[in-house]
>>> print(open('protein.cif').read())   # mmCIF, C-alpha atoms
data_structure
loop_
_atom_site.label_atom_id
_atom_site.label_comp_id
_atom_site.auth_asym_id
_atom_site.auth_seq_id
_atom_site.Cartn_x
_atom_site.Cartn_y
_atom_site.Cartn_z
CA MET A 1 107.29 89.93 116.74
CA VAL A 2 105.95 86.38 116.94
CA LYS A 3 109.35 85.10 117.96
CA GLY A 4 110.06 87.97 120.32
CA ILE A 5 106.89 87.18 122.27
CA GLU A 6 107.21 83.42 122.16
CA ALA A 7 110.79 83.67 123.42
CA THR A 8 109.27 84.57 126.80
CA GLY A 9 107.37 81.28 126.80
CA ILE A 10 103.95 82.81 126.06
CA PRO A 11 102.40 80.78 123.21
CA VAL A 12 101.54 82.79 120.10
CA VAL A 13 99.21 81.91 117.28
CA HIS A 14 99.90 83.83 114.08
CA VAL A 15 96.81 84.48 111.98
CA CYS A 16 97.77 85.63 108.51
CA THR A 17 96.89 85.16 104.86
CA VAL A 18 100.31 84.51 103.35
CA THR A 19 101.27 81.49 105.43
CA PRO A 20 104.56 80.84 103.56
CA ILE A 21 105.85 84.15 104.93
CA SER A 22 104.81 83.17 108.42
CA LEU A 23 106.67 79.86 108.05
CA THR A 24 109.78 81.69 106.87
CA VAL A 25 109.58 84.16 109.72
CA GLY A 26 109.40 81.28 112.20
CA ALA A 27 105.91 81.25 113.72
CA ASN A 28 105.12 77.93 115.40
CA ARG A 29 101.32 77.99 115.37
CA ILE A 30 99.85 79.39 112.18
CA VAL A 31 96.20 79.82 111.21
CA PRO A 32 95.41 80.91 107.65
CA ALA A 33 93.21 84.00 107.27
CA ILE A 34 90.77 85.17 104.58
CA ALA A 35 92.59 87.87 102.62
CA ILE A 36 95.39 90.38 103.05
CA PRO A 37 93.29 93.55 103.54
CA HIS A 38 90.67 91.75 105.68
CA PRO A 39 92.15 88.69 107.40
CA PHE A 40 89.16 88.30 109.76
CA GLY A 41 86.38 89.34 107.46
CA ASN A 42 84.79 89.39 104.08
CA PRO A 43 83.14 92.64 103.03
CA ALA A 44 81.07 90.73 100.45
CA LEU A 45 79.06 89.07 103.23
CA ASP A 46 76.35 90.73 105.28
CA ALA A 47 77.36 91.82 108.77
CA GLY A 48 75.94 88.77 110.55
CA GLU A 49 77.55 86.25 108.20
CA GLU A 50 80.82 88.11 108.31
CA LYS A 51 80.92 88.01 112.09
CA LYS A 52 80.24 84.28 112.01
CA LEU A 53 83.17 83.87 109.65
CA ARG A 54 85.36 85.98 111.92
CA ARG A 55 84.34 83.93 114.90
CA SER A 56 85.25 80.71 113.12
CA ILE A 57 88.80 81.95 112.52
CA VAL A 58 89.19 83.22 116.09
CA GLU A 59 87.96 79.86 117.40
CA LYS A 60 90.44 78.07 115.18
CA ALA A 61 93.21 80.31 116.52
CA LEU A 62 92.19 79.66 120.11
CA LYS A 63 92.02 75.94 119.47
CA ALA A 64 95.55 76.05 118.01
CA LEU A 65 96.71 77.55 121.30
CA THR A 66 95.43 74.47 123.15
CA VAL A 67 97.39 72.07 120.94
CA GLU A 68 100.91 71.13 121.96
CA VAL A 69 103.31 71.52 119.00
CA THR A 70 106.92 70.56 118.62
CA GLU A 71 107.45 72.08 115.20
CA GLN A 72 105.95 74.77 112.94
CA THR A 73 102.33 73.81 112.34
CA VAL A 74 99.73 75.30 110.02
CA PHE A 75 96.22 74.68 111.39
CA LYS A 76 94.11 74.48 108.27
CA MET B 1 121.52 87.71 64.49
CA SER B 2 118.15 87.80 66.15
CA LYS B 3 117.96 89.35 69.56
CA PHE B 4 117.78 87.45 72.82
CA LYS B 5 114.30 87.65 74.32
CA VAL B 6 113.45 88.60 77.89
CA VAL B 7 110.07 88.58 79.63
CA HIS B 8 109.78 90.89 82.64
CA TYR B 9 107.42 90.51 85.64
CA ILE B 10 106.36 93.52 87.74
CA ASN B 11 103.54 94.38 90.14
CA GLN B 12 100.65 96.81 89.77
CA PHE B 13 102.54 99.58 91.52
CA PHE B 14 105.60 99.59 89.28
CA ALA B 15 103.33 99.31 86.25
CA GLY B 16 101.76 102.60 87.27
CA ILE B 17 98.31 101.04 87.54
CA GLY B 18 97.82 101.88 91.17
CA GLY B 19 98.73 101.21 94.78
CA GLU B 20 97.06 98.95 97.26
CA GLU B 21 93.60 99.59 95.89
CA LYS B 22 94.75 97.81 92.72
CA ALA B 23 96.72 95.01 94.43
CA ASP B 24 94.01 92.52 93.50
CA ILE B 25 94.37 92.83 89.72
CA LYS B 26 94.82 89.63 87.74
CA PRO B 27 97.87 88.96 85.57
CA GLU B 28 98.02 91.02 82.42
CA LEU B 29 100.39 90.68 79.49
CA ARG B 30 101.67 93.72 77.65
CA GLU B 31 103.99 93.87 74.67
CA GLY B 32 107.35 95.55 75.24
CA VAL B 33 108.59 97.38 78.33
CA VAL B 34 106.56 98.87 81.17
CA GLY B 35 107.83 100.96 84.12
CA PRO B 36 111.27 99.85 85.36
CA GLY B 37 111.59 97.71 82.22
CA MET B 38 112.59 100.81 80.35
CA ALA B 39 115.75 101.37 82.39
CA LEU B 40 116.39 97.64 82.36
CA GLN B 41 116.16 97.55 78.56
CA GLY B 42 118.71 100.36 78.41
CA ALA B 43 121.12 98.49 80.65
CA LEU B 44 120.68 95.19 78.78
CA GLY B 45 121.83 96.75 75.54
CA GLU B 46 121.00 96.15 71.91
CA ASP B 47 121.39 92.40 71.70
CA VAL B 48 118.62 91.76 74.18
CA GLU B 49 114.99 92.77 73.92
CA ILE B 50 112.35 92.82 76.63
CA VAL B 51 109.57 91.49 74.42
CA ALA B 52 106.81 91.48 76.98
CA THR B 53 105.93 92.57 80.51
CA ILE B 54 103.60 90.67 82.82
CA ILE B 55 101.84 92.72 85.45
CA CYS B 56 100.06 91.19 88.43
CA GLY B 57 98.64 92.60 91.65
CA ASP B 58 100.60 91.54 94.75
CA SER B 59 97.54 90.55 96.74
CA TYR B 60 96.05 88.62 93.83
CA PHE B 61 99.24 86.64 93.37
CA ASN B 62 99.66 85.74 97.03
CA GLU B 63 96.01 84.98 97.68
CA ASN B 64 95.67 82.82 94.55
CA LEU B 65 99.11 81.23 94.36
CA GLU B 66 98.20 78.22 92.20
CA GLU B 67 95.94 80.05 89.81
CA ALA B 68 98.24 83.08 89.44
CA GLN B 69 101.26 80.89 88.76
CA LYS B 70 99.38 79.00 86.09
CA GLU B 71 98.25 82.20 84.40
CA VAL B 72 101.66 83.85 84.48
CA LEU B 73 103.44 80.70 83.31
CA ALA B 74 101.15 80.48 80.29
CA MET B 75 102.01 84.09 79.41
CA VAL B 76 105.74 83.45 79.72
CA GLU B 77 105.48 80.27 77.68
CA LYS B 78 103.75 82.13 74.89
CA HIS B 79 106.86 84.25 74.36
CA ASN B 80 109.36 81.48 75.11
CA PRO B 81 112.10 83.93 76.22
CA ASP B 82 115.78 83.23 76.79
CA LEU B 83 115.55 84.75 80.25
CA PHE B 84 112.87 85.74 82.75
CA ILE B 85 113.38 88.72 85.07
CA ALA B 86 111.10 89.42 88.05
CA GLY B 87 111.20 92.65 90.02
CA PRO B 88 113.19 94.24 91.59
CA ALA B 89 110.94 93.95 94.64
CA PHE B 90 113.17 95.82 97.15
CA ASN B 91 111.62 95.32 100.62
CA ALA B 92 108.01 94.79 99.48
CA GLY B 93 107.12 91.45 101.07
CA ARG B 94 104.26 90.28 98.89
CA TYR B 95 106.00 91.50 95.73
CA GLY B 96 109.17 89.68 96.78
CA THR B 97 107.40 86.40 97.43
CA ALA B 98 105.54 86.74 94.13
CA CYS B 99 108.80 87.39 92.24
CA GLY B 100 110.49 84.43 93.93
CA THR B 101 107.56 82.07 93.40
CA ILE B 102 107.10 82.87 89.75
CA ALA B 103 110.82 82.97 88.93
CA LYS B 104 111.24 79.53 90.47
CA ALA B 105 108.22 78.21 88.58
CA VAL B 106 109.49 79.58 85.27
CA GLN B 107 112.88 78.03 85.91
CA ASN B 108 111.57 74.63 87.00
CA ASN B 109 108.46 74.20 84.87
CA LEU B 110 109.54 75.91 81.66
CA GLY B 111 113.30 75.41 81.92
CA ILE B 112 113.90 79.12 81.33
CA LYS B 113 116.65 80.82 83.30
CA SER B 114 115.37 83.36 85.76
CA VAL B 115 116.67 86.16 87.90
CA THR B 116 114.99 88.36 90.47
CA ALA B 117 116.15 91.08 92.85
CA MET B 118 115.24 92.20 96.35
CA TYR B 119 116.41 93.53 99.68
CA ILE B 120 118.09 91.04 102.02
CA GLU B 121 115.27 91.21 104.61
CA ASN B 122 112.49 90.61 102.08
CA PRO B 123 110.76 87.35 103.11
CA GLY B 124 111.13 86.23 99.48
CA VAL B 125 114.88 85.93 100.06
CA ASP B 126 114.72 83.20 102.68
CA MET B 127 112.07 81.38 100.70
CA TYR B 128 113.92 81.29 97.39
CA ARG B 129 117.62 82.05 97.89
CA LYS B 130 118.49 78.39 97.41
CA ASP B 131 116.59 78.13 94.14
CA LEU B 132 117.35 81.39 92.41
CA PHE B 133 119.78 84.11 91.60
CA ILE B 134 118.44 86.99 93.69
CA VAL B 135 120.34 90.21 93.07
CA GLU B 136 120.72 92.13 96.32
CA THR B 137 119.17 95.60 96.25
CA GLY B 138 118.55 98.47 98.65
CA ASN B 139 115.33 98.48 100.66
CA SER B 140 113.25 100.89 98.59
CA ALA B 141 112.61 101.96 95.03
CA ALA B 142 115.07 104.79 95.64
CA ALA B 143 117.70 102.11 95.04
CA MET B 144 116.39 101.41 91.52
CA ARG B 145 119.27 103.19 89.84
CA LYS B 146 121.78 100.85 91.48
CA ALA B 147 119.62 97.76 91.12
CA VAL B 148 119.09 97.98 87.37
CA PRO B 149 122.73 97.70 86.23
CA ALA B 150 123.35 94.90 88.76
CA ILE B 151 120.41 92.89 87.44
CA ALA B 152 121.39 93.59 83.84
CA LYS B 153 124.97 92.46 84.44
CA LEU B 154 123.90 89.10 85.86
CA ALA B 155 121.14 88.75 83.27
CA LEU B 156 123.59 89.19 80.39
CA LYS B 157 125.91 86.57 81.84
CA LEU B 158 123.04 84.12 82.17
CA ILE B 159 121.82 84.79 78.65
CA ASN B 160 125.30 84.32 77.22
CA ASN B 161 125.87 81.17 79.25
CA GLU B 162 128.90 82.68 80.94
CA THR B 163 130.26 81.27 84.17
CA ILE B 164 128.62 82.92 87.16
CA GLY B 165 131.10 83.79 89.91
CA GLY B 166 130.52 83.86 93.66
CA PRO B 167 127.78 85.90 95.33
CA SER B 168 129.91 88.84 96.49
CA GLU B 169 131.56 89.12 93.09
CA GLU B 170 128.31 89.04 91.09
CA GLY B 171 126.08 90.87 93.55
CA TYR B 172 123.53 88.15 94.23
CA ILE B 173 122.45 86.73 97.56
CA GLU B 174 124.19 83.56 98.75
CA ARG B 175 122.42 80.45 97.61
CA GLY B 176 124.30 78.06 99.85
CA VAL B 177 125.93 76.49 96.81
CA ARG B 178 129.53 75.34 96.97
CA VAL B 179 131.68 75.49 93.87
CA ASN B 180 135.06 73.79 93.63
CA TYR B 181 137.95 75.93 92.51
CA PHE B 182 141.74 75.93 92.67
CA ALA B 183 142.98 78.32 95.33
CA ASP B 184 146.48 79.81 95.34
CA LYS B 185 147.13 78.61 98.86
CA ILE B 186 146.32 75.31 100.47
CA GLY B 187 143.62 75.12 103.14
CA ALA B 188 146.06 74.95 106.05
CA GLU B 189 147.76 78.16 104.99
CA ARG B 190 144.47 79.95 104.51
CA ALA B 191 143.25 78.80 107.90
CA VAL B 192 146.40 80.03 109.63
CA ASP B 193 146.16 83.37 107.78
CA MET B 194 142.61 83.71 109.01
CA LEU B 195 143.54 82.82 112.56
CA VAL B 196 146.38 85.33 112.60
CA LYS B 197 144.05 88.04 111.34
CA LYS B 198 141.51 87.12 113.99
CA LEU B 199 144.12 87.24 116.76
CA LYS B 200 145.27 90.64 115.56
CA GLY B 201 141.68 91.83 115.62
CA GLU B 202 141.74 92.38 111.87
CA GLU B 203 138.85 91.74 109.55
CA PHE B 204 138.76 88.28 108.01
CA LYS B 205 136.33 86.42 105.85
CA THR B 206 135.30 82.91 106.75
CA GLU B 207 135.05 80.34 103.99
CA TYR B 208 132.38 78.48 105.86
CA PRO B 209 129.75 80.79 107.34
CA MET B 210 127.62 79.06 109.95
CA PRO B 211 123.87 79.16 109.34
CA VAL B 212 121.87 81.22 111.77
CA PHE B 213 119.11 79.26 113.47
CA ASP B 214 117.02 81.57 115.53
CA ASN B 215 113.70 79.77 115.65
CA VAL B 216 112.15 79.79 119.07
CA GLU B 217 110.72 76.89 121.00
CA PRO B 218 106.90 76.73 120.72
CA GLY B 219 105.15 77.98 123.86
CA LYS B 220 103.32 75.40 125.96
CA ALA B 221 99.71 74.80 124.97
CA ILE B 222 96.91 76.39 126.99
CA VAL B 223 95.19 73.79 129.14
CA ASP B 224 92.01 75.68 129.99
CA LEU B 225 90.96 78.48 127.66
CA SER B 226 88.13 79.48 129.95
CA LYS B 227 90.71 80.68 132.48
CA ALA B 228 93.19 82.13 129.98
CA LYS B 229 94.02 85.78 129.52
CA ILE B 230 94.39 86.38 125.78
CA ALA B 231 96.16 89.39 124.31
CA LEU B 232 95.85 90.77 120.80
CA VAL B 233 98.87 91.98 118.85
CA THR B 234 98.90 93.05 115.22
CA SER B 235 101.24 94.09 112.45
CA GLY B 236 98.18 95.33 110.57
CA GLY B 237 98.47 98.85 111.96
CA ILE B 238 95.12 99.13 113.75
CA VAL B 239 95.13 102.33 115.84
CA PRO B 240 92.59 104.61 117.52
CA LYS B 241 91.13 107.00 114.95
CA GLY B 242 93.60 109.76 114.14
CA ASN B 243 96.66 107.57 114.87
CA PRO B 244 97.54 109.46 118.09
CA ASP B 245 101.13 108.22 118.27
CA LYS B 246 101.74 108.78 114.58
CA ILE B 247 102.93 105.28 113.83
CA GLU B 248 104.52 105.44 110.38
CA SER B 249 102.59 103.88 107.49
CA SER B 250 105.69 101.90 106.56
CA SER B 251 109.16 101.21 107.99
CA ALA B 252 107.73 101.76 111.46
CA SER B 253 110.10 103.02 114.14
CA LYS B 254 107.60 102.43 116.95
CA TYR B 255 104.60 100.46 118.13
CA GLY B 256 101.46 101.51 119.96
CA LYS B 257 99.85 100.16 123.13
CA TYR B 258 96.16 100.95 123.45
CA ASP B 259 93.63 100.44 126.21
CA ILE B 260 90.49 98.60 125.09
CA ASP B 261 88.91 98.36 128.52
CA GLY B 262 85.17 98.48 127.88
CA VAL B 263 85.59 98.53 124.10
CA MET B 264 83.18 95.93 122.73
CA ASP B 265 83.53 96.61 119.03
CA LEU B 266 85.96 98.52 116.82
CA THR B 267 83.91 100.90 114.71
CA GLU B 268 84.55 103.15 111.75
CA ALA B 269 84.26 106.16 114.04
CA THR B 270 86.78 104.97 116.61
CA TYR B 271 89.51 102.90 114.94
CA GLU B 272 91.40 102.77 111.65
CA THR B 273 94.58 101.38 110.16
CA ALA B 274 97.84 103.26 109.81
CA HIS B 275 99.28 100.55 107.56
CA GLY B 276 100.37 101.77 104.13
CA GLY B 277 100.95 98.35 102.64
CA TYR B 278 97.44 97.14 101.90
CA ASP B 279 94.15 98.64 100.77
CA PRO B 280 92.87 100.27 103.99
CA VAL B 281 89.21 100.56 102.94
CA TYR B 282 88.01 97.36 104.66
CA ALA B 283 90.00 97.87 107.86
CA ASN B 284 88.89 101.49 108.14
CA GLU B 285 85.26 100.44 107.72
CA ASP B 286 85.55 97.83 110.46
CA SER B 287 88.87 97.28 112.23
CA ASP B 288 87.56 94.03 113.70
CA ARG B 289 88.42 92.60 110.28
CA VAL B 290 92.07 92.87 111.29
CA LEU B 291 91.88 92.87 115.09
CA PRO B 292 88.85 90.75 116.10
CA VAL B 293 87.92 92.53 119.35
CA ASP B 294 84.16 92.08 118.87
CA VAL B 295 84.35 88.30 118.64
CA LEU B 296 86.76 88.00 121.56
CA ARG B 297 84.38 90.09 123.69
CA ASP B 298 81.57 87.68 122.81
CA LEU B 299 83.76 84.71 123.73
CA GLU B 300 84.73 86.45 126.96
CA LYS B 301 81.06 86.99 127.83
CA GLU B 302 80.23 83.38 127.05
CA GLY B 303 83.09 82.19 129.23
CA ALA B 304 84.93 80.50 126.36
CA ILE B 305 88.03 82.50 127.28
CA GLY B 306 89.01 83.86 130.67
CA GLU B 307 89.49 87.44 129.56
CA LEU B 308 90.72 89.65 126.75
CA HIS B 309 93.81 91.53 127.89
CA ARG B 310 93.15 95.19 128.52
CA TYR B 311 95.75 96.44 126.05
CA PHE B 312 96.53 95.59 122.48
CA TYR B 313 99.87 96.21 120.80
CA THR B 314 100.15 97.34 117.23
CA THR B 315 102.56 98.41 114.54
CA THR B 316 102.67 98.51 110.76
CA GLY B 317 104.49 95.53 109.36
CA ASN B 318 105.33 96.78 105.89
CA GLY B 319 108.94 97.51 105.24
CA THR B 320 109.57 97.48 108.98
CA SER B 321 112.97 95.96 109.61
CA VAL B 322 113.36 92.66 111.38
CA LYS B 323 115.59 94.43 113.87
CA ASN B 324 112.90 96.97 114.81
CA SER B 325 110.14 94.37 115.00
CA ARG B 326 112.23 92.18 117.24
CA ALA B 327 113.06 95.14 119.49
CA PHE B 328 109.36 96.10 119.78
CA ALA B 329 108.41 92.57 120.74
CA ASP B 330 111.27 92.15 123.21
CA GLU B 331 110.03 95.25 124.97
CA PHE B 332 106.29 94.62 125.11
CA ALA B 333 106.62 90.86 125.66
CA GLN B 334 108.02 91.67 129.09
CA GLU B 335 104.89 93.71 129.81
CA LEU B 336 102.66 90.87 128.61
CA LEU B 337 104.53 88.53 130.93
CA ALA B 338 104.26 90.92 133.86
CA ASP B 339 100.52 91.38 133.17
CA GLY B 340 99.97 87.64 133.37
CA VAL B 341 98.96 87.13 129.73
CA ASP B 342 98.65 83.42 128.94
CA ALA B 343 98.56 83.51 125.15
CA VAL B 344 98.73 85.90 122.22
CA ILE B 345 96.81 86.06 118.95
CA LEU B 346 99.01 87.94 116.52
CA THR B 347 97.29 89.07 113.36
CA SER B 348 98.97 90.09 110.11
CA THR B 349 97.68 91.50 106.87
#
>>> encode(input="protein.cif", output="structure tokens")
Amino acid sequence: MVKGIEATGIPVVHVCTVTPISLTVGANRIVPAIAIPHPFGNPALDAGEEKKLRRSIVEKALKALTVEVTEQTVFK
Amino acid sequence: MSKFKVVHYINQFFAGIGGEEKADIKPELREGVVGPGMALQGALGEDVEIVATIICGDSYFNENLEEAQKEVLAMVEKHNPDLFIAGPAFNAGRYGTACGTIAKAVQNNLGIKSVTAMYIENPGVDMYRKDLFIVETGNSAAAMRKAVPAIAKLALKLINNETIGGPSEEGYIERGVRVNYFADKIGAERAVDMLVKKLKGEEFKTEYPMPVFDNVEPGKAIVDLSKAKIALVTSGGIVPKGNPDKIESSSASKYGKYDIDGVMDLTEATYETAHGGYDPVYANEDSDRVLPVDVLRDLEKEGAIGELHRYFYTTTGNGTSVKNSRAFADEFAQELLADGVDAVILTST
């Protein structure tokens, strides 16, 4: 789906836990997530801390969208 | 004569330990065969013995790559087998990447021959086809009966140090390796034969398949986020509670488009996941963990982004064919374009 969308010229950032799969699939902007069943969260944290964590990943993803890339890039 | 030794690697599901709720279990070593190892042992015959089975949760392996590899390698080393078999993983993505990763590590670090097996669209294939013999299987465990003899056949050849023939002959996925051999006809004759067949519209088989490069050009970076319209898309299967469009829990044949106008937070009462390929507990409790609507609303309010697009698009990514996924995206990408979306955050589990 990443490629199908990006083919239109709209930039896509792929947020996922297993980044090697994302690289194989062909995403250009990749941001690593927390874990497979909760990429944007961590149930072990309290609600406030968890939301902060989520926000940090979303901000990283948004930042990746502002960076020009010429090849597949993982934003660690 | 003592028997040849094989160590077999499988995931928590095939070991009968559990489904996604057990996908985080650490590697465990058991003596003898477990699950599909039984059929495999039968097909391998009397000269070969599966001495041990290593079981590891798919999520654990993929989330702790370094650690998991180290643990599994130590278990394999303990038994010092003649051959290592991983899978078959069919079209299970995390299982396939785990099988490929560990089979490659066993081969390279321990110098023990390895074989694995999976469906051609499994992401593990593209990652490891050049390093490993990957027996081609069907896309689900229903194909086990066919997969087992194919794996056993190649395994026996490897154990006995026999010459391994070409991919189509032996049933493994092309590794991109070229082997010299003496053909009956010279190249010019073969080329002309091929050309004649092509002109007649008959089927012919190229000796030099061209690689398929279908990567897409990266989209242009967003200059001003505070004016950008951001859309959310997910393969994590987040849907309104009750899954109104009945998106399949795996091998999805459709995607959903849902209006989140005025939705500030995805709650347990309103949203859930339809995905059958990971433990749904956390996503069902709070779907923002997969589709971060709450945070994007905050950022929208603060003016950090222009706006969150009114609709999100969703499907379940497990076992869903590349062809279907591509078709979904081709369709809704046109809508995103028409709606003036500037960028997409695509989330996967």
>>> resolve_selection(input="protein.cif", expression="the PyMOL selection byres ((chain A) within 8 of (chain B))", output="ChimeraX atom specification")
/A:1-18,21,24-26,28-29,35-43,51,54-55,58,61-62,65-71
>>> atom_distance(input="protein.cif", atom1="atom CA of B:Gly171", atom2="atom CA of B:Glu136")
6.2 Å
>>> resolve_selection(input="protein.cif", expression="the PyMOL selection byres ((chain B and resi 36) around 9)", output="list in words")
Ile10, Phe14, Ala15, Val33, Val34, Gly35, Gly37, Met38, Ala39, Leu40, Gln41, Gly87, Pro88, Met144 and Val148 of chain B
>>> atom_distance(input="protein.cif", atom1="atom CA of B:Asn284", atom2="atom CA of B:Ala98")
26.3 Å
>>> resolve_selection(input="protein.cif", expression="the PyMOL selection byres ((chain B and resi 255-263) around 10)", output="mmCIF file with C-alpha atoms, in the coordinates of the input")
data_model
loop_
_atom_site.group_PDB
_atom_site.id
_atom_site.type_symbol
_atom_site.label_atom_id
_atom_site.label_comp_id
_atom_site.auth_asym_id
_atom_site.auth_seq_id
_atom_site.Cartn_x
_atom_site.Cartn_y
_atom_site.Cartn_z
ATOM 1 C CA VAL B 233 98.870 91.980 118.850
ATOM 2 C CA THR B 234 98.900 93.050 115.220
ATOM 3 C CA SER B 235 101.240 94.090 112.450
ATOM 4 C CA GLY B 237 98.470 98.850 111.960
ATOM 5 C CA ILE B 238 95.120 99.130 113.750
ATOM 6 C CA VAL B 239 95.130 102.330 115.840
ATOM 7 C CA PRO B 240 92.590 104.610 117.520
ATOM 8 C CA ASN B 243 96.660 107.570 114.870
ATOM 9 C CA PRO B 244 97.540 109.460 118.090
ATOM 10 C CA ASP B 245 101.130 108.220 118.270
ATOM 11 C CA LYS B 246 101.740 108.780 114.580
ATOM 12 C CA ILE B 247 102.930 105.280 113.830
ATOM 13 C CA GLU B 248 104.520 105.440 110.380
ATOM 14 C CA ALA B 252 107.730 101.760 111.460
ATOM 15 C CA SER B 253 110.100 103.020 114.140
ATOM 16 C CA LYS B 254 107.600 102.430 116.950
ATOM 17 C CA MET B 264 83.180 95.930 122.730
ATOM 18 C CA ASP B 265 83.530 96.610 119.030
ATOM 19 C CA LEU B 266 85.960 98.520 116.820
ATOM 20 C CA THR B 267 83.910 100.900 114.710
ATOM 21 C CA THR B 270 86.780 104.970 116.610
ATOM 22 C CA VAL B 293 87.920 92.530 119.350
ATOM 23 C CA ASP B 294 84.160 92.080 118.870
ATOM 24 C CA ARG B 297 84.380 90.090 123.690
ATOM 25 C CA LEU B 308 90.720 89.650 126.750
ATOM 26 C CA HIS B 309 93.810 91.530 127.890
ATOM 27 C CA ARG B 310 93.150 95.190 128.520
ATOM 28 C CA TYR B 311 95.750 96.440 126.050
ATOM 29 C CA PHE B 312 96.530 95.590 122.480
ATOM 30 C CA TYR B 313 99.870 96.210 120.800
ATOM 31 C CA THR B 314 100.150 97.340 117.230
ATOM 32 C CA THR B 315 102.560 98.410 114.540
ATOM 33 C CA THR B 316 102.670 98.510 110.760
ATOM 34 C CA ASN B 324 112.900 96.970 114.810
ATOM 35 C CA SER B 325 110.140 94.370 115.000
ATOM 36 C CA PHE B 328 109.360 96.100 119.780
ATOM 37 C CA ALA B 329 108.410 92.570 120.740
ATOM 38 C CA PHE B 332 106.290 94.620 125.110
#
>>> atom_distance(input="protein.cif", atom1="atom CA of B:Lys26", atom2="atom CA of B:Thr273")
25.3 Å
>>> closest_residue(input="protein.cif", among="B:Thr137, B:Asn161, B:Gln69, B:Ser226", to="B:Ala89", atoms="all atoms listed in the file")
B:Thr137
>>> residues_near_point(input="protein.cif", point="(106.2, 96.7, 103.7)", cutoff="8 Å", atoms="only C-alpha atoms", output="list in words")
Asn91, Ala92, Gly93, Ser250, Ser251, Gly276, Gly277, Gly317, Asn318, Gly319 and Thr320 of chain B
>>> axis_aligned_box(input="protein.cif", around="stretch 25-40 of chain A", padding_each_side="3 Å", output="AutoDock Vina command-line options")
--center_x 99.4 --center_y 85.7 --center_z 109.0 --size_x 26.4 --size_y 21.6 --size_z 18.8
